[in-house]
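Listing of run03.cif; format and content: mmCIF, C-alpha atoms.
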data_upload
#
loop_
_atom_site.label_atom_id
_atom_site.label_comp_id
_atom_site.auth_asym_id
_atom_site.auth_seq_id
_atom_site.Cartn_x
_atom_site.Cartn_y
_atom_site.Cartn_z
CA MET A 1 -16.93 -7.53 15.73
CA LYS A 2 -16.25 -10.95 17.19
CA ASP A 3 -15.16 -12.40 13.87
CA LEU A 4 -13.33 -9.29 12.75
CA ALA A 5 -9.93 -11.01 12.56
CA GLU A 6 -11.39 -14.01 10.75
CA ASN A 7 -13.11 -11.80 8.19
CA VAL A 8 -9.88 -9.89 7.62
CA LEU A 9 -8.09 -13.19 6.97
CA LYS A 10 -10.80 -14.01 4.41
CA GLY A 11 -10.05 -10.70 2.69
CA ASP A 12 -13.38 -8.95 3.40
CA PRO A 13 -12.86 -5.28 2.48
CA ARG A 14 -15.22 -3.81 5.11
CA SER A 15 -13.56 -5.77 7.90
CA ILE A 16 -10.10 -4.79 6.67
CA ALA A 17 -11.17 -1.14 6.58
CA ARG A 18 -12.76 -1.26 10.04
CA LEU A 19 -9.77 -2.95 11.67
CA ILE A 20 -7.48 -0.30 10.18
CA THR A 21 -9.67 2.42 11.72
CA LEU A 22 -9.70 0.74 15.13
CA SER A 23 -5.95 0.36 14.97
CA GLU A 24 -5.47 4.03 14.05
CA ASN A 25 -7.69 5.01 16.96
CA ASN A 26 -5.77 2.82 19.45
CA ASP A 27 -8.94 0.91 20.20
CA ASN A 28 -8.54 -2.16 22.42
CA ILE A 29 -10.59 -4.28 20.00
CA SER A 30 -7.81 -3.86 17.44
CA ILE A 31 -5.19 -5.24 19.81
CA LYS A 32 -7.23 -8.43 20.26
CA ALA A 33 -7.64 -8.81 16.51
CA MET A 34 -3.99 -8.06 15.78
CA LYS A 35 -2.96 -10.91 18.09
CA LYS A 36 -4.94 -13.32 15.94
CA ILE A 37 -3.60 -11.85 12.73
CA HIS A 38 0.13 -11.84 13.41
CA PRO A 39 0.72 -15.58 12.75
CA HIS A 40 -0.70 -15.09 9.24
CA THR A 41 1.69 -12.31 8.24
CA GLY A 42 5.06 -12.16 6.52
CA LYS A 43 4.11 -13.28 3.03
CA ALA A 44 3.61 -9.96 1.24
CA HIS A 45 6.47 -8.11 -0.42
CA VAL A 46 6.49 -4.65 1.15
CA ILE A 47 7.58 -1.81 -1.12
CA GLY A 48 8.22 1.65 0.32
CA ILE A 49 8.05 4.72 -1.88
CA THR A 50 9.41 8.01 -0.65
CA GLY A 51 10.52 11.31 -2.16
CA VAL A 52 9.83 15.03 -2.14
CA MET A 53 6.26 16.27 -2.46
CA GLY A 54 5.04 16.46 -6.02
CA SER A 55 7.67 14.03 -7.32
CA GLY A 56 4.98 11.68 -8.64
CA LYS A 57 4.91 8.98 -5.96
CA SER A 58 1.16 8.36 -6.19
CA THR A 59 1.19 8.29 -9.99
CA LEU A 60 4.12 5.82 -9.95
CA ILE A 61 2.20 3.61 -7.53
CA CYS A 62 -0.84 3.67 -9.80
CA GLU A 63 1.31 2.59 -12.76
CA LEU A 64 3.25 -0.08 -10.84
CA THR A 65 0.05 -1.51 -9.41
CA GLN A 66 -1.42 -1.97 -12.87
CA LEU A 67 1.64 -4.04 -13.84
CA PHE A 68 1.40 -6.15 -10.67
CA ARG A 69 -2.24 -6.77 -11.52
CA LYS A 70 -1.27 -7.99 -15.00
CA GLN A 71 0.90 -10.58 -13.23
CA GLY A 72 -2.15 -11.62 -11.26
CA LYS A 73 -0.87 -10.22 -7.98
CA SER A 74 -3.19 -8.45 -5.53
CA VAL A 75 -2.03 -5.14 -4.09
CA GLY A 76 -2.60 -3.19 -0.88
CA ILE A 77 -1.67 0.49 -0.87
CA ILE A 78 -1.13 2.70 2.18
CA ALA A 79 -0.90 6.38 1.21
CA ILE A 80 0.22 8.73 3.98
CA ASP A 81 -0.29 12.49 3.98
CA PRO A 82 0.51 14.99 6.73
CA THR A 83 -1.79 15.74 9.66
CA SER A 84 -2.13 19.41 10.59
CA PRO A 85 -0.19 20.22 13.75
CA PHE A 86 -2.79 22.89 14.52
CA SER A 87 -6.19 21.30 13.95
CA GLY A 88 -5.29 17.60 13.98
CA GLY A 89 -7.17 17.33 10.69
CA ALA A 90 -5.73 16.24 7.36
CA LEU A 91 -6.40 16.45 3.67
CA LEU A 92 -5.64 13.08 2.15
CA GLY A 93 -5.39 13.45 -1.61
CA ASP A 94 -3.31 10.54 -2.93
CA ARG A 95 -6.36 8.68 -4.20
CA ILE A 96 -6.89 11.30 -6.92
CA ARG A 97 -3.83 9.92 -8.76
CA MET A 98 -5.02 6.35 -8.44
CA GLN A 99 -8.43 6.60 -10.10
CA ARG A 100 -7.65 3.83 -12.55
CA LEU A 101 -7.42 1.36 -9.67
CA ALA A 102 -10.75 2.41 -8.17
CA MET A 103 -12.90 -0.45 -9.43
CA ASP A 104 -10.43 -3.32 -9.02
CA ASP A 105 -11.49 -5.73 -6.24
CA GLU A 106 -7.93 -6.98 -5.89
CA VAL A 107 -6.60 -3.54 -4.99
CA PHE A 108 -7.20 -2.00 -1.56
CA ILE A 109 -6.20 1.62 -1.04
CA ARG A 110 -6.15 3.30 2.34
CA SER A 111 -5.26 6.96 3.00
CA MET A 112 -3.81 7.83 6.39
CA GLY A 113 -2.76 11.00 8.22
CA THR A 114 0.58 11.12 10.06
CA ARG A 115 -1.24 11.96 13.34
CA GLY A 116 1.80 13.53 14.95
CA MET A 117 4.55 11.19 13.73
CA LEU A 118 7.55 12.84 12.12
CA GLY A 119 9.51 10.16 10.26
CA GLY A 120 7.35 10.18 7.14
CA LEU A 121 5.04 7.43 8.41
CA THR A 122 2.18 7.14 10.90
CA SER A 123 2.12 5.20 14.16
CA ALA A 124 -0.43 2.59 13.03
CA VAL A 125 1.36 1.82 9.76
CA TYR A 126 2.96 -1.35 11.17
CA ASP A 127 -0.47 -2.73 12.02
CA VAL A 128 -1.88 -1.72 8.65
CA VAL A 129 0.93 -3.49 6.76
CA GLU A 130 0.20 -6.64 8.81
CA ILE A 131 -3.55 -6.33 8.17
CA LEU A 132 -3.15 -6.04 4.38
CA ASP A 133 -0.53 -8.79 4.35
CA ALA A 134 -2.73 -11.17 6.37
CA SER A 135 -5.75 -10.37 4.20
CA GLY A 136 -3.88 -12.02 1.32
CA LYS A 137 -2.38 -9.12 -0.60
CA ASP A 138 0.73 -10.27 -2.50
CA VAL A 139 2.26 -6.81 -2.57
CA VAL A 140 1.88 -4.00 -0.02
CA ILE A 141 3.01 -0.54 -1.12
CA VAL A 142 3.60 2.17 1.47
CA GLU A 143 3.75 5.76 0.22
CA THR A 144 5.32 8.16 2.72
CA VAL A 145 4.42 11.81 3.07
CA GLY A 146 6.38 14.11 0.79
CA VAL A 147 9.76 14.18 2.50
CA GLY A 148 12.59 16.64 2.97
CA GLN A 149 15.88 15.24 4.17
CA ALA A 150 15.56 13.26 7.32
CA GLU A 151 12.33 11.25 7.11
CA VAL A 152 13.87 7.82 6.76
CA ASP A 153 11.54 5.60 8.82
CA ILE A 154 10.30 3.89 5.66
CA ILE A 155 13.38 1.62 5.61
CA LYS A 156 12.24 0.10 8.87
CA ILE A 157 9.06 -1.22 7.31
CA ALA A 158 9.81 -1.80 3.61
CA ASP A 159 11.62 -4.78 2.09
CA THR A 160 12.40 -2.65 -0.95
CA THR A 161 12.69 1.14 -0.67
CA LEU A 162 12.32 3.41 -3.71
CA VAL A 163 13.49 7.01 -3.46
CA VAL A 164 11.88 9.24 -6.08
CA VAL A 165 13.64 12.41 -7.22
CA VAL A 166 12.82 14.80 -10.05
CA PRO A 167 14.98 16.99 -12.31
CA GLY A 168 15.28 20.67 -11.55
CA LEU A 169 15.83 20.50 -7.81
CA GLY A 170 19.41 21.56 -8.51
CA ASP A 171 21.38 22.03 -5.39
CA SER A 172 18.89 20.22 -3.23
CA ILE A 173 20.20 16.96 -4.68
CA GLN A 174 23.49 17.90 -3.06
CA THR A 175 21.92 18.68 0.26
CA LEU A 176 19.87 15.51 0.17
CA LYS A 177 23.01 13.43 0.26
CA ALA A 178 22.71 12.39 3.90
CA GLY A 179 19.45 10.98 5.19
CA VAL A 180 16.87 10.35 2.49
CA MET A 181 19.47 9.98 -0.26
CA GLU A 182 21.15 7.14 1.62
CA ILE A 183 18.20 4.84 2.05
CA ALA A 184 17.28 3.77 -1.48
CA ASP A 185 17.37 0.22 -2.81
CA ILE A 186 16.37 1.76 -6.13
CA TYR A 187 16.57 5.42 -7.20
CA VAL A 188 13.81 6.61 -9.49
CA VAL A 189 14.31 9.84 -11.44
CA ASN A 190 10.69 10.60 -12.36
CA LYS A 191 9.41 13.30 -14.72
CA ALA A 192 12.24 12.39 -17.08
CA ASP A 193 10.65 14.47 -19.83
CA ARG A 194 11.79 17.57 -17.98
CA LYS A 195 14.85 19.63 -18.68
CA GLY A 196 17.93 18.63 -16.73
CA VAL A 197 17.13 14.94 -16.42
CA ASN A 198 20.55 13.80 -17.63
CA GLN A 199 22.27 15.93 -15.03
CA THR A 200 20.02 14.60 -12.26
CA VAL A 201 20.62 10.98 -13.30
CA ALA A 202 24.38 11.63 -13.45
CA GLU A 203 24.37 13.23 -10.00
CA VAL A 204 22.48 10.35 -8.43
CA GLU A 205 24.70 7.82 -10.20
CA SER A 206 27.83 9.51 -8.91
CA LEU A 207 26.33 9.42 -5.44
CA VAL A 208 25.81 5.67 -5.84
CA ASP A 209 29.37 5.18 -7.13
CA ILE A 210 30.82 6.83 -4.07
CA SER A 211 28.64 5.24 -1.43
CA CYS A 212 28.28 1.67 -2.66
CA SER A 213 31.92 0.65 -2.99
CA GLU A 214 31.69 -1.85 -0.15
CA LYS A 215 28.45 -3.54 -1.14
CA ASP A 216 28.08 -6.44 -3.56
CA ARG A 217 25.03 -4.79 -5.11
CA LYS A 218 25.12 -1.43 -6.82
CA THR A 219 21.97 0.60 -6.21
CA PRO A 220 20.33 1.09 -9.61
CA VAL A 221 19.15 4.45 -10.92
CA ILE A 222 16.23 4.48 -13.37
CA SER A 223 14.39 7.28 -15.11
CA THR A 224 10.64 7.16 -15.57
CA ILE A 225 7.78 9.30 -16.86
CA ALA A 226 4.98 7.97 -14.68
CA LYS A 227 2.21 10.06 -16.24
CA ASP A 228 2.97 8.53 -19.66
CA SER A 229 3.61 5.01 -18.27
CA LYS A 230 7.23 5.16 -19.44
CA GLY A 231 9.99 3.19 -17.74
CA ILE A 232 7.60 1.46 -15.35
CA ASP A 233 8.20 -2.07 -16.70
CA ASN A 234 11.95 -1.58 -16.20
CA LEU A 235 11.27 -0.36 -12.67
CA LEU A 236 9.22 -3.48 -11.99
CA ASP A 237 12.16 -5.63 -13.18
CA LEU A 238 14.47 -3.80 -10.77
CA ILE A 239 12.03 -4.34 -7.89
CA GLU A 240 11.88 -8.07 -8.66
CA ASP A 241 15.68 -8.26 -8.94
CA HIS A 242 15.97 -6.65 -5.52
CA GLN A 243 13.46 -9.06 -4.05
CA LYS A 244 15.52 -12.01 -5.39
CA TYR A 245 18.69 -10.42 -4.03
CA LEU A 246 17.13 -10.10 -0.54
CA HIS A 247 16.26 -13.78 -0.51
CA LYS A 248 19.60 -14.89 -1.93
CA THR A 249 21.45 -13.15 0.90
CA ASP A 250 20.48 -13.00 4.57
CA LEU A 251 19.22 -9.46 4.10
CA PHE A 252 15.54 -10.40 3.95
CA GLU A 253 15.64 -11.87 7.44
CA LYS A 254 17.67 -8.92 8.74
CA GLN A 255 15.19 -6.50 7.20
CA ARG A 256 12.24 -8.20 8.87
CA LEU A 257 14.00 -8.18 12.27
CA LEU A 258 14.56 -4.45 11.83
CA ARG A 259 10.85 -3.99 11.15
CA TYR A 260 9.74 -5.93 14.22
CA GLU A 261 12.22 -4.03 16.37
CA ALA A 262 10.81 -0.73 15.10
CA GLU A 263 7.27 -1.93 15.65
CA LEU A 264 8.04 -3.08 19.18
CA VAL A 265 9.68 0.23 20.04
CA GLU A 266 6.68 2.10 18.63
CA ILE A 267 4.16 0.05 20.64
CA ILE A 268 6.15 0.53 23.85
CA ARG A 269 6.47 4.25 23.16
CA LYS A 270 2.75 4.57 22.59
CA LYS A 271 1.84 2.59 25.71
CA LEU A 272 4.28 4.49 27.88
CA MET A 273 3.08 7.87 26.60
CA ASN A 274 -0.55 6.93 27.16
CA PHE A 275 0.34 5.77 30.65
CA ILE A 276 2.18 8.94 31.59
CA PHE A 277 -0.07 11.48 29.95
CA ASP A 278 -3.50 9.84 30.20
CA GLU A 279 -3.58 8.00 33.51
CA LYS A 280 -5.31 10.19 36.07
CA GLN A 281 -2.69 9.86 38.82
CA PHE A 282 0.19 10.71 36.49
CA LYS A 283 -1.54 13.47 34.59
CA ASP A 284 -1.68 15.75 37.65
CA LYS A 285 1.91 14.95 38.57
CA VAL A 286 3.10 15.66 35.02
CA GLU A 287 1.24 18.97 34.87
CA ASP A 288 2.68 19.93 38.25
CA LEU A 289 6.22 19.16 37.04
CA ILE A 290 5.74 21.14 33.83
CA ASN A 291 4.71 24.16 35.91
CA LYS A 292 7.74 23.71 38.15
CA ILE A 293 10.06 23.54 35.13
CA SER A 294 8.57 26.79 33.90
CA LYS A 295 9.16 28.43 37.29
CA LYS A 296 12.75 27.09 37.38
CA GLN A 297 11.98 25.08 40.52
CA ILE A 298 13.18 21.92 38.77
CA ASP A 299 15.07 21.20 35.54
CA PRO A 300 13.56 19.03 32.75
CA HIS A 301 16.06 16.18 33.19
CA SER A 302 15.32 15.77 36.89
CA ALA A 303 11.58 16.02 36.20
CA ALA A 304 11.82 13.20 33.62
CA ASP A 305 13.75 11.05 36.10
CA GLU A 306 11.11 11.67 38.73
CA ILE A 307 8.34 10.43 36.40
CA LEU A 308 10.32 7.39 35.26
CA LYS A 309 11.16 6.43 38.86
CA LYS A 310 7.44 6.29 39.63
CA ILE A 311 6.81 3.92 36.73
CA ILE A 312 9.77 1.62 37.23
CA LYS A 313 9.38 0.99 40.95
CA MET B 1 -9.12 6.09 22.02
CA ASP B 2 -8.19 8.88 19.60
CA ARG B 3 -11.16 8.95 17.29
CA LYS B 4 -11.21 11.26 14.27
CA ILE B 5 -14.14 11.92 11.97
CA ARG B 6 -13.24 10.70 8.47
CA VAL B 7 -14.98 12.33 5.52
CA LEU B 8 -14.88 11.43 1.83
CA VAL B 9 -15.35 14.47 -0.40
CA ALA B 10 -16.21 13.65 -4.01
CA LYS B 11 -17.62 15.20 -7.13
CA PRO B 12 -19.90 12.75 -8.89
CA GLY B 13 -20.69 13.19 -12.57
CA LEU B 14 -19.27 15.42 -15.20
CA ASP B 15 -19.06 19.03 -14.05
CA GLY B 16 -15.57 20.30 -13.35
CA HIS B 17 -16.33 23.01 -10.82
CA ASP B 18 -14.46 21.86 -7.75
CA ARG B 19 -13.82 25.09 -5.88
CA GLY B 20 -16.76 24.56 -3.53
CA ALA B 21 -15.68 21.01 -2.75
CA LYS B 22 -12.14 22.22 -2.05
CA VAL B 23 -13.33 25.03 0.24
CA VAL B 24 -15.45 22.59 2.23
CA ALA B 25 -12.63 19.99 2.32
CA ARG B 26 -10.26 22.61 3.68
CA ALA B 27 -12.77 23.79 6.30
CA LEU B 28 -13.37 20.25 7.52
CA ARG B 29 -9.61 19.68 7.72
CA ASP B 30 -9.30 22.81 9.85
CA ALA B 31 -12.08 21.49 12.06
CA GLY B 32 -9.87 18.49 12.89
CA MET B 33 -11.37 15.96 10.49
CA GLU B 34 -9.52 13.63 8.12
CA VAL B 35 -10.73 14.45 4.64
CA ILE B 36 -10.18 12.02 1.79
CA TYR B 37 -10.45 14.12 -1.35
CA THR B 38 -11.13 11.97 -4.41
CA GLY B 39 -11.59 14.71 -6.98
CA LEU B 40 -13.62 15.04 -10.14
CA HIS B 41 -15.67 12.74 -12.36
CA GLN B 42 -16.53 10.05 -9.86
CA THR B 43 -19.14 7.39 -10.52
CA ALA B 44 -21.41 6.24 -7.70
CA GLU B 45 -19.57 2.92 -7.70
CA MET B 46 -16.17 4.59 -7.29
CA ILE B 47 -17.45 6.74 -4.43
CA VAL B 48 -18.93 3.78 -2.59
CA GLU B 49 -15.82 1.59 -3.08
CA ALA B 50 -13.61 4.38 -1.74
CA SER B 51 -15.99 4.92 1.20
CA ILE B 52 -15.71 1.25 2.14
CA GLN B 53 -11.90 1.10 1.91
CA GLU B 54 -11.44 4.39 3.74
CA ASP B 55 -14.06 3.43 6.37
CA VAL B 56 -15.46 6.96 6.42
CA ASP B 57 -18.08 8.32 8.79
CA VAL B 58 -19.32 10.87 6.27
CA VAL B 59 -19.69 11.06 2.48
CA GLY B 60 -19.79 14.61 1.11
CA LEU B 61 -20.97 15.11 -2.46
CA SER B 62 -20.69 18.28 -4.51
CA LEU B 63 -22.51 18.75 -7.79
CA LEU B 64 -23.32 21.77 -9.91
CA SER B 65 -24.54 20.16 -13.11
CA GLY B 66 -28.14 19.58 -12.12
CA ALA B 67 -27.85 15.79 -12.04
CA HIS B 68 -28.13 15.59 -8.25
CA MET B 69 -31.52 13.85 -8.30
CA THR B 70 -29.90 10.95 -10.14
CA LEU B 71 -26.33 10.86 -8.82
CA PHE B 72 -26.84 11.76 -5.13
CA ILE B 73 -29.61 9.21 -4.90
CA ASP B 74 -27.53 6.56 -6.72
CA VAL B 75 -24.75 6.98 -4.14
CA ALA B 76 -27.22 6.77 -1.24
CA LYS B 77 -28.84 3.62 -2.66
CA LEU B 78 -25.53 1.90 -3.35
CA LEU B 79 -24.13 2.74 0.10
CA LYS B 80 -27.22 1.18 1.66
CA LYS B 81 -26.96 -1.86 -0.60
CA LYS B 82 -23.33 -2.40 0.45
CA GLY B 83 -24.32 -2.29 4.12
CA MET B 84 -22.92 1.18 4.76
CA SER B 85 -26.10 2.57 6.30
CA ASP B 86 -24.15 4.02 9.24
CA VAL B 87 -22.56 6.61 6.95
CA LEU B 88 -23.81 10.21 7.09
CA ILE B 89 -24.45 11.58 3.58
CA VAL B 90 -24.29 15.32 2.89
CA GLY B 91 -24.59 17.11 -0.42
CA GLY B 92 -23.98 20.58 -1.75
CA GLY B 93 -23.97 22.64 -4.92
CA ILE B 94 -26.72 24.16 -7.02
CA ILE B 95 -29.73 22.36 -5.57
CA PRO B 96 -33.22 23.85 -6.12
CA GLU B 97 -35.23 24.32 -2.92
CA GLU B 98 -38.00 21.96 -4.05
CA ASP B 99 -35.57 19.06 -4.52
CA ILE B 100 -34.33 19.12 -0.93
CA PRO B 101 -37.24 17.21 0.69
CA LYS B 102 -37.01 14.54 -2.02
CA LEU B 103 -33.26 14.18 -1.49
CA LYS B 104 -33.72 13.90 2.27
CA LYS B 105 -36.35 11.24 1.77
CA ALA B 106 -33.90 9.36 -0.45
CA GLY B 107 -31.30 9.26 2.31
CA ILE B 108 -29.26 12.45 1.86
CA ASP B 109 -29.02 13.57 5.49
CA GLY B 110 -28.04 17.19 4.88
CA VAL B 111 -28.20 19.49 1.86
CA PHE B 112 -26.24 22.75 1.79
CA GLY B 113 -26.60 25.33 -0.96
CA PRO B 114 -24.39 28.24 -2.03
CA GLY B 115 -23.56 30.72 0.73
CA THR B 116 -23.82 28.22 3.57
CA PRO B 117 -21.29 29.17 6.27
CA CYS B 118 -18.70 26.38 6.67
CA ASP B 119 -19.39 26.26 10.41
CA GLU B 120 -22.95 25.19 9.69
CA ILE B 121 -21.68 22.15 7.76
CA ILE B 122 -19.09 21.34 10.44
CA ASP B 123 -21.69 21.54 13.21
CA PHE B 124 -24.12 19.41 11.24
CA ILE B 125 -21.50 16.71 10.76
CA LYS B 126 -20.31 16.77 14.36
CA ASN B 127 -23.87 16.53 15.68
CA ASN B 128 -25.04 13.84 13.29
CA VAL B 129 -22.24 11.31 12.71
CA LYS B 130 -23.79 7.93 13.24
CA ARG B 131 -20.97 6.08 14.98
#

Encoding of this model in structure tokens:
Amino acid sequence: MKDLAENVLKGDPRSIARLITLSENNDNISIKAMKKIHPHTGKAHVIGITGVMGSGKSTLICELTQLFRKQGKSVGIIAIDPTSPFSGGALLGDRIRMQRLAMDDEVFIRSMGTRGMLGGLTSAVYDVVEILDASGKDVVIVETVGVGQAEVDIIKIADTTLVVVVPGLGDSIQTLKAGVMEIADIYVVNKADRKGVNQTVAEVESLVDISCSEKDRKTPVISTIAKDSKGIDNLLDLIEDHQKYLHKTDLFEKQRLLRYEAELVEIIRKKLMNFIFDEKQFKDKVEDLINKISKKQIDPHSAADEILKKIIK
Amino acid sequence: MDRKIRVLVAKPGLDGHDRGAKVVARALRDAGMEVIYTGLHQTAEMIVEASIQEDVDVVGLSLLSGAHMTLFIDVAKLLKKKGMSDVLIVGGGIIPEEDIPKLKKAGIDGVFGPGTPCDEIIDFIKNNVKR
């Protein structure tokens, strides 16, 4: 384990996989390794893909990755599926759609559970992006869980965010207007062989027309049929255009600052929560306060202040 | 440390009967494990590559075609060759009684036939994970 970070930097798949596990498990070994890795990060183009469940995100990723491979680029994929709030277990099934990438040494796929996070991502995802980036992957693709309306954390981590919608959701396109429907750098209308595709494209385009009046870049809308590999080369062009646009403006730098801010906040949150809920001395105090809140002997706001005062002093 | 047992569930070979694999995958999920379900028609190479990338503690194989003596053993050999000897290997499906000792000798740690209660598989995994 001593050379774990070094082996990750060399691109060794087993070391990459092990460090991801340690990071997911909040193991102290991972923190040591991540310190060594950070200076080697920042090179990969990070693409986020989000959209409702069953919209074809995994299939799109499989198709896009094959095109990146034709360009000679290596690809890391992080596929997130929900963790059960009851058992803590998860069924991670995104790999099924990516079978064609299974035997390519230059593609690394990792499935992750959300483990209690609600924004469409998982707590360790920042580390995992850095690990894949530092291991030499040219492109890192992050697939969120199937989202509803408000899971927008992907924009904090991705340089380019794709929002995938499908025809036939009817009114839900309307209701999606705030939140998820605001975050796209590129809109993808997948399953374009389905009835109603023209209406869906028109609706998304009108959304773009209204919301983008102040920007110098109009968010493109593209239709694809991922299962038949249709429209994917055009999508790749749009992704590359967006990447050039980020570098031409100061947006790339801004985007990265946003990511590091989000990562910092997440690390602090995790450390603070572990401190309050795991440290022996606090655990008893916290349990005592929860009981008091239940018995109306104290209100939740005062209880929170009491805990924070103990930490800050 | 918030460790979770990670299990790869795969169907090697050509049979398309995946209900058993899905039932087991679901039961392991409900037992708090992270199950990576890779689906049908997997080669030994695909299963081992996925096991490395997903850094799993357990590989679960389901097979009803009768090719278990070849395919289960291929997976076990390849895992060992790739240095993944700390992975627990379990198999299930239509496995004749007389094949079980041979499979165990070849590195399949647990073999579970039709009618096995899910709890038995869960307990076996929890008691035998190697790391």

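The gap separating CA of Leu4 (chain A) from CA of Ser30 (chain A) is 9.1 Å, in Å to one decimal.
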
Next on the checklist: Assuming the chain letters and numbering stay as they are in my file, what does the PyMOL selection byres ((chain A and resi 40-49) around 10) actually select? List them as an MDAnalysis selection string.
Outcome noted: chainID A and resid 9 36:39 50:51 57:58 60:61 74:79 129:146 153:164 184:186 188 239:240 243 256

Checklist entry - When the cut-off is 6 Å and we count all atoms listed in the file, which residues of chain B are near chain A, given as an MDAnalysis selection string? => result chainID B and resid 1:3 29:30 32:39 46 52:55

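Picture a line from CA of Pro12 (chain B) to CA of His68 (chain B); it runs 8.7 Å.
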
Checklist entry - Within 7 Å of Ala44 (chain B), counting all atoms listed in the file, which residues qualify if same-chain residues fewer than 6 places away don't, as a ChimeraX atom specification? => result /B:12,71,74-75

Checklist entry - Which distance in Å separates CA of Gly148 (chain A) and CA of Met181 (chain A), to one decimal? => result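 The value is 10.1 Å.
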
Next on the checklist: Taking 6 positions as the minimum chain separation for residues in the same chain, which residues sit within 9 Å of Leu78 (chain B) when counting only C-alpha atoms? Answer as an MDAnalysis selection string.
Outcome noted: chainID B and resid 44:45 48 84

Would you put the residues from that selection into a file with C-alpha atoms, as a tab-separated table (two decimals), in the frame of the given file?
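Okay, this is what ended up in again16.tsv:
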chain	number	residue	atom	x	y	z
B	44	ALA	CA	-21.41	6.24	-7.70
B	45	GLU	CA	-19.57	2.92	-7.70
B	48	VAL	CA	-18.93	3.78	-2.59
B	84	MET	CA	-22.92	1.18	4.76

Item to check | Reference answer for the PyMOL selection byres ((chain B and resi 15-22) around 7), as a ChimeraX atom specification | outcome: /B:9,13-14,23-26,40,62,64-65

Next on the checklist: I'd like to see the residues matched by the PyMOL selection byres ((chain B and resi 112-129) around 9) on this file, and ideally I'd get them as a ChimeraX atom specification.
Outcome noted: /B:5,20,23-24,27-28,31,57-58,86-88,90-97,109-111,130-131

Mind dumping the selected residues with C-alpha atoms as a PDB file, in the frame of the given file?
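To be explicit, this is the file written out as out05.pdb:
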ATOM      1  CA  ILE B   5     -14.140  11.920  11.970  1.00  0.00           C
ATOM      2  CA  GLY B  20     -16.760  24.560  -3.530  1.00  0.00           C
ATOM      3  CA  VAL B  23     -13.330  25.030   0.240  1.00  0.00           C
ATOM      4  CA  VAL B  24     -15.450  22.590   2.230  1.00  0.00           C
ATOM      5  CA  ALA B  27     -12.770  23.790   6.300  1.00  0.00           C
ATOM      6  CA  LEU B  28     -13.370  20.250   7.520  1.00  0.00           C
ATOM      7  CA  ALA B  31     -12.080  21.490  12.060  1.00  0.00           C
ATOM      8  CA  ASP B  57     -18.080   8.320   8.790  1.00  0.00           C
ATOM      9  CA  VAL B  58     -19.320  10.870   6.270  1.00  0.00           C
ATOM     10  CA  ASP B  86     -24.150   4.020   9.240  1.00  0.00           C
ATOM     11  CA  VAL B  87     -22.560   6.610   6.950  1.00  0.00           C
ATOM     12  CA  LEU B  88     -23.810  10.210   7.090  1.00  0.00           C
ATOM     13  CA  VAL B  90     -24.290  15.320   2.890  1.00  0.00           C
ATOM     14  CA  GLY B  91     -24.590  17.110  -0.420  1.00  0.00           C
ATOM     15  CA  GLY B  92     -23.980  20.580  -1.750  1.00  0.00           C
ATOM     16  CA  GLY B  93     -23.970  22.640  -4.920  1.00  0.00           C
ATOM     17  CA  ILE B  94     -26.720  24.160  -7.020  1.00  0.00           C
ATOM     18  CA  ILE B  95     -29.730  22.360  -5.570  1.00  0.00           C
ATOM     19  CA  PRO B  96     -33.220  23.850  -6.120  1.00  0.00           C
ATOM     20  CA  GLU B  97     -35.230  24.320  -2.920  1.00  0.00           C
ATOM     21  CA  ASP B 109     -29.020  13.570   5.490  1.00  0.00           C
ATOM     22  CA  GLY B 110     -28.040  17.190   4.880  1.00  0.00           C
ATOM     23  CA  VAL B 111     -28.200  19.490   1.860  1.00  0.00           C
ATOM     24  CA  LYS B 130     -23.790   7.930  13.240  1.00  0.00           C
ATOM     25  CA  ARG B 131     -20.970   6.080  14.980  1.00  0.00           C
TER      26      ARG B 131
END

Checklist entry - So which residues touch Arg194 (chain A) within 9 Å, counting all atoms listed in the file, skipping near sequence neighbours fewer than 6 positions away, as a list in words? => result Val166, Pro167 and Gly168 of chain A

Checklist entry - Of the residues A:Thr224, A:Asp12, A:Ser123, A:Glu151, which is the one nearest to Leu264 (chain A), using all atoms listed in the file? => result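 Closest residue, counting all atoms listed in the file: A:Ser123.
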